[in-house]
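As structure tokens, the structure follows; a few thoughts come after it.
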Amino acid sequence: MDFIKSAVASAMAAQGPSFPYSFGDKVDIDASIWTLYNGTRRADGSNCSIFSFDVPANKSRLPLAKNALKKLRTMRHPGVIKVLDAVETDSYIYIATERVVPLRWHVKRKSLSPETIKWGLYSVARTVKFINDEGSSIHGSLRVASIYTSESGEWKLGGFEVLSNVKDDDAVIYTYGSLVPDSNRFTPPELASAGWDAIKKSPHSAVDSYNFGTTIFEVFNGDFTGASQAGQTKGIPPTMHAGYKRLVNPNPKARITVKTFLEQGRRSGGFFDSPLIKLTDGIDNLDVKSEEERAAFLDDLDQLTDDFPEDFFKMKVLPELLKSVEFGGGGPKAFGVVMKIATKLTNEDFEARVQPVVIRLFGNPDRAIRVCLLDNLPHMIDRLPQKVVNDKIFPNIVSGFTDLAPIVREQTLKSVLVVIHKLSDRVINGELLKYLAKTANDEQPGIRTNTTICLGKIAKNLGSSSRAKVLIAAFTRSLRDPFVHARNAALMALAATGEFFTEEDCAVRILPVVCPSLIDKEKLVRDQAAKTMDIYLQRIRKAAASMPDTALPPSQTADGAGPRMSTPQASEASSWAGWAISSFTNKLSAASGEMQTSSNGAPTPRVGSPSAGLEPKRVVSSTSSASALHRQAVKSPSPTPLSRNSTTSAPDTYFKDPSPIEDDDAGDAWGDMGDMNEDDEAGDAWGEPSDSTTDAWSTNTATTTPATSASKATKKKTPVVSSKPFEDDSEPDFAGWLAAQAQKKTPGAAKPLPKGLAKGSSTAGKKPLASRPASKPAVAKKIDMKPKDTGGDDDGWGDGW
């Protein structure tokens, strides 16, 4: 394939100079010496049109083709087809021009509105006037077939095959005028009868005046068959009748020039006095107009209806307006017209022509331009890609949140609702919320209110992890706003965003702050608060109906369990606290009842109480033995435990003691609740104590002499027993106590101690404990046997507690 292309290129180079344009589709036109093609420029792919003339096939008309090429190159006017390039060889002539379409296409389809036809005729009239007056020339073949429309919709004049200067005696028109295809239909009467040399006898503009008149009839009616139709006014606007008839006057000297016709139409109220024509005249020099002229021009431009040529606005007006807005001081009014035109653009055209300018304008510091951009943002947001909005436009928008002008801050805040669906989650939950927190504290009450409304509307776009926290904080703050509409907006926002809060948030964080609004000074707020309360109460009631009756575990009925704190029934509503107080009292009385003894000195059986599994049961003898009294004297004071009032009948015995007797294991009982069951088991393992053992633990003795002697013995043994230190608050010295009991000369003193107890005593006296053990040494606790209590035991127990 590449070889074929290179071969063709070599062949073309051999035949003539290179032509840097590619041929496209052939375009149908009226009878002409040219063949029209759509083409593209190879360098950049831009569109163009190519007029091709085949020299060998039309050798007799070669002078016409050469004349057309010459005049197109030299006749420079906005109304003339623009030539890009041309190539002339012995075999062909190629003329590359701007992309054009034959006007005949639109005339056949009748797709042109009357206003558009007037605008086109006005453009052609200006071009013919230029040719006749400034160019001192005659077009010679003016008709619909010689008129084309550009990409902007403007009418461009071509067909320069016989265009000649009147000062040239050898002009082509005199010799080859009759060779123009289909010239007989459009030839003026004087030329049809006397030949083309008759042009010299009449004003040189007479031919073009007649042909311009026939063109008017042709565009309004679709075709022109011959001289018989000249002067007919069918389809022609009434305001144009008089001028049209004078253009086609059979007498060439009585015809008006195209210049005169143009001037008549431009008069106030004339047929060329239309907004579209004024736009054409004003758009080219918009940048040099004064402020008043520019404002008037833009007002006329804004009033244009939708039936005007879209291509002209897209290709001609839009670029000029964008340039005026960005550089020429066109201002917001010009940008408003830009947005009106942009609504008719395709997405591709909008992206190519408007989007780059919009991005640059958002960085413009002019407040008027920024406000205008924000106002028109809804019209173009759907055409802007998300990446462009998020990365290029929004970073410039946020500067408006901190602008000194309140109008800029307010418009920036309103624009959030427009761009929110184009922003990423990171931007929404980060940068955007940061600026909304500032506007929520704005000095303008309207901006604060709009911030609350904005948050309510974008709640669904916020991150689920922080949404409830942000909304509750913002709305509860607005409920305290002194501006009544801000408070009302907060209540309405809460009512609208209730689905984003949990039931706990509704009950704990929202309802407490809404309640004060029920007695707000403004009825507007009170009514809205009542509605909001109803919404949240209904939701809470619905959630509460699905909850269980209680979250407490099932009650324990096993023996030895703690007191059962049952839920009061409906009949117990009058004494809802009685069950708790009585249960606590029963616990204390049950513990006290366990220590009571029978009157005959035998221990009573244990009374089962609800606190059996919770309270430690330690049996303490009230006998003030020598070793016990000694330990009382040398032991450092400990925190006073919970005391219980004694209910025994012998209080005097207790009060006669010089110091109270403490239970050495009281700390263990409160500190380690795991030993309670072990104490009971230890007591059972020891069995029923014998009489000799009972004498050693009993508080009621036959005489006071043994007690006295025991006290003396205690004093003598003091140095030995007191060698055990207690500064580490360790367990009392049971070994010393056992040694003192062994030395007693009572009948029951010879009874040996249990093997496990004696072994534990010897080790306990050698090594002090660093801390109170949880369950060891267990042997020390096994000495708590059940003695035969007497009436004085109650005093000793009470003193120990």
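The chains in the structure tokens are called A, B, ... from first to last as shown; in each chain the residues are counted from 1, and the ligands are counted from 1 in the order shown.
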Excluding Val258 (chain A) and residues on its chain fewer than 2 positions from it, collect all residues at most 10 Å away from it, counting only C-alpha atoms, and give them as a list of chain:residue names. A:Val124, A:Ala125, A:Arg126, A:Thr127, A:Val128, A:Lys129, A:Phe130, A:Asn132, A:Asp133, A:Ser205, A:Ala206, A:Asp208, A:Ser209, A:Tyr210, A:Phe212, A:Gly213, A:Gly243, A:Leu247, A:Arg255, A:Ile256, A:Thr260, A:Phe261, A:Leu262, A:Glu263, A:Gln264
DSSP-assigned helix (DSSP H, G or I) among region 219-435 of chain A, expressed as a PyMOL selection string: chain A and resi 219-221+227-229+238-247+258-266+275-283+286-288+291-302+310-328+331-342+347-362+367-383+386-402+406-422+425-435
Residues near region 25-36 of chain A, cut-off 10 Å, only C-alpha atoms, skip fewer than 5 positions along chain, as a ChimeraX atom specification: /A:49-54,58,61-62,64-65,93-96,100-105,144-146,159,161,179-182
Save the residues we just selected, C-alpha atoms, as a PDB file, in the first residue's frame?
ATOM      1  CA  SER A  49     -13.208  22.571  -0.614  1.00  0.00           C
ATOM      2  CA  ILE A  50     -11.444  21.924  -3.881  1.00  0.00           C
ATOM      3  CA  PHE A  51     -12.561  23.383  -7.224  1.00  0.00           C
ATOM      4  CA  SER A  52     -11.155  21.219 -10.014  1.00  0.00           C
ATOM      5  CA  PHE A  53     -10.964  22.091 -13.717  1.00  0.00           C
ATOM      6  CA  ASP A  54     -10.066  19.448 -16.267  1.00  0.00           C
ATOM      7  CA  ASN A  58     -12.938  21.825 -21.262  1.00  0.00           C
ATOM      8  CA  ARG A  61     -13.408  27.335 -21.408  1.00  0.00           C
ATOM      9  CA  LEU A  62      -9.853  27.405 -20.104  1.00  0.00           C
ATOM     10  CA  LEU A  64     -12.768  31.332 -17.887  1.00  0.00           C
ATOM     11  CA  ALA A  65     -11.033  29.036 -15.380  1.00  0.00           C
ATOM     12  CA  ILE A  93      -6.353  23.554 -12.238  1.00  0.00           C
ATOM     13  CA  TYR A  94      -6.990  22.976  -8.539  1.00  0.00           C
ATOM     14  CA  ILE A  95      -8.226  25.726  -6.227  1.00  0.00           C
ATOM     15  CA  ALA A  96      -8.391  24.903  -2.507  1.00  0.00           C
ATOM     16  CA  VAL A 100     -18.261  25.793   1.367  1.00  0.00           C
ATOM     17  CA  VAL A 101     -21.634  24.355   0.418  1.00  0.00           C
ATOM     18  CA  PRO A 102     -23.687  25.488  -2.632  1.00  0.00           C
ATOM     19  CA  LEU A 103     -26.534  27.808  -1.691  1.00  0.00           C
ATOM     20  CA  ARG A 104     -28.675  25.792  -4.085  1.00  0.00           C
ATOM     21  CA  TRP A 105     -28.898  23.023  -1.473  1.00  0.00           C
ATOM     22  CA  VAL A 144     -27.733  31.417  -6.846  1.00  0.00           C
ATOM     23  CA  ALA A 145     -25.276  29.004  -8.523  1.00  0.00           C
ATOM     24  CA  SER A 146     -22.399  31.420  -7.873  1.00  0.00           C
ATOM     25  CA  GLY A 159     -18.345  32.376  -9.930  1.00  0.00           C
ATOM     26  CA  GLU A 161     -15.284  33.244 -14.485  1.00  0.00           C
ATOM     27  CA  LEU A 179     -19.687  30.719 -22.641  1.00  0.00           C
ATOM     28  CA  VAL A 180     -20.741  30.714 -19.012  1.00  0.00           C
ATOM     29  CA  PRO A 181     -23.043  27.692 -18.535  1.00  0.00           C
ATOM     30  CA  ASP A 182     -26.752  28.529 -18.411  1.00  0.00           C
TER      31      ASP A 182
END
DSSP strand (DSSP E) selection over region 97-345 of chain A, as a list in words: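 DSSP-assigned strand (DSSP E) residues in region 97-345 of chain A: Thr97, Val100, Val101, Pro102, Ser137, Ile138, Ile147, Tyr148, Thr149, Ser150, Trp155, Lys156, Leu157, Ser164 and Asn165 of chain A.
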Which value, in Å to one decimal, gives the distance between CA of Asp223 (chain A) and CA of Ile277 (chain A)? 24.8 Å
Rank A:Pro319, A:Gly177, A:Pro203, A:Gly45 by their smallest atom-to-atom distance to Arg353 (chain A), using only C-alpha atoms, and report the top residue only.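 Among the listed residues, the smallest separation from Arg353 (chain A) belongs to A:Pro319.
Reported to one decimal place, the separation of CA of Arg360 (chain A) from CA of Lys340 (chain A) is 19.2 Å.
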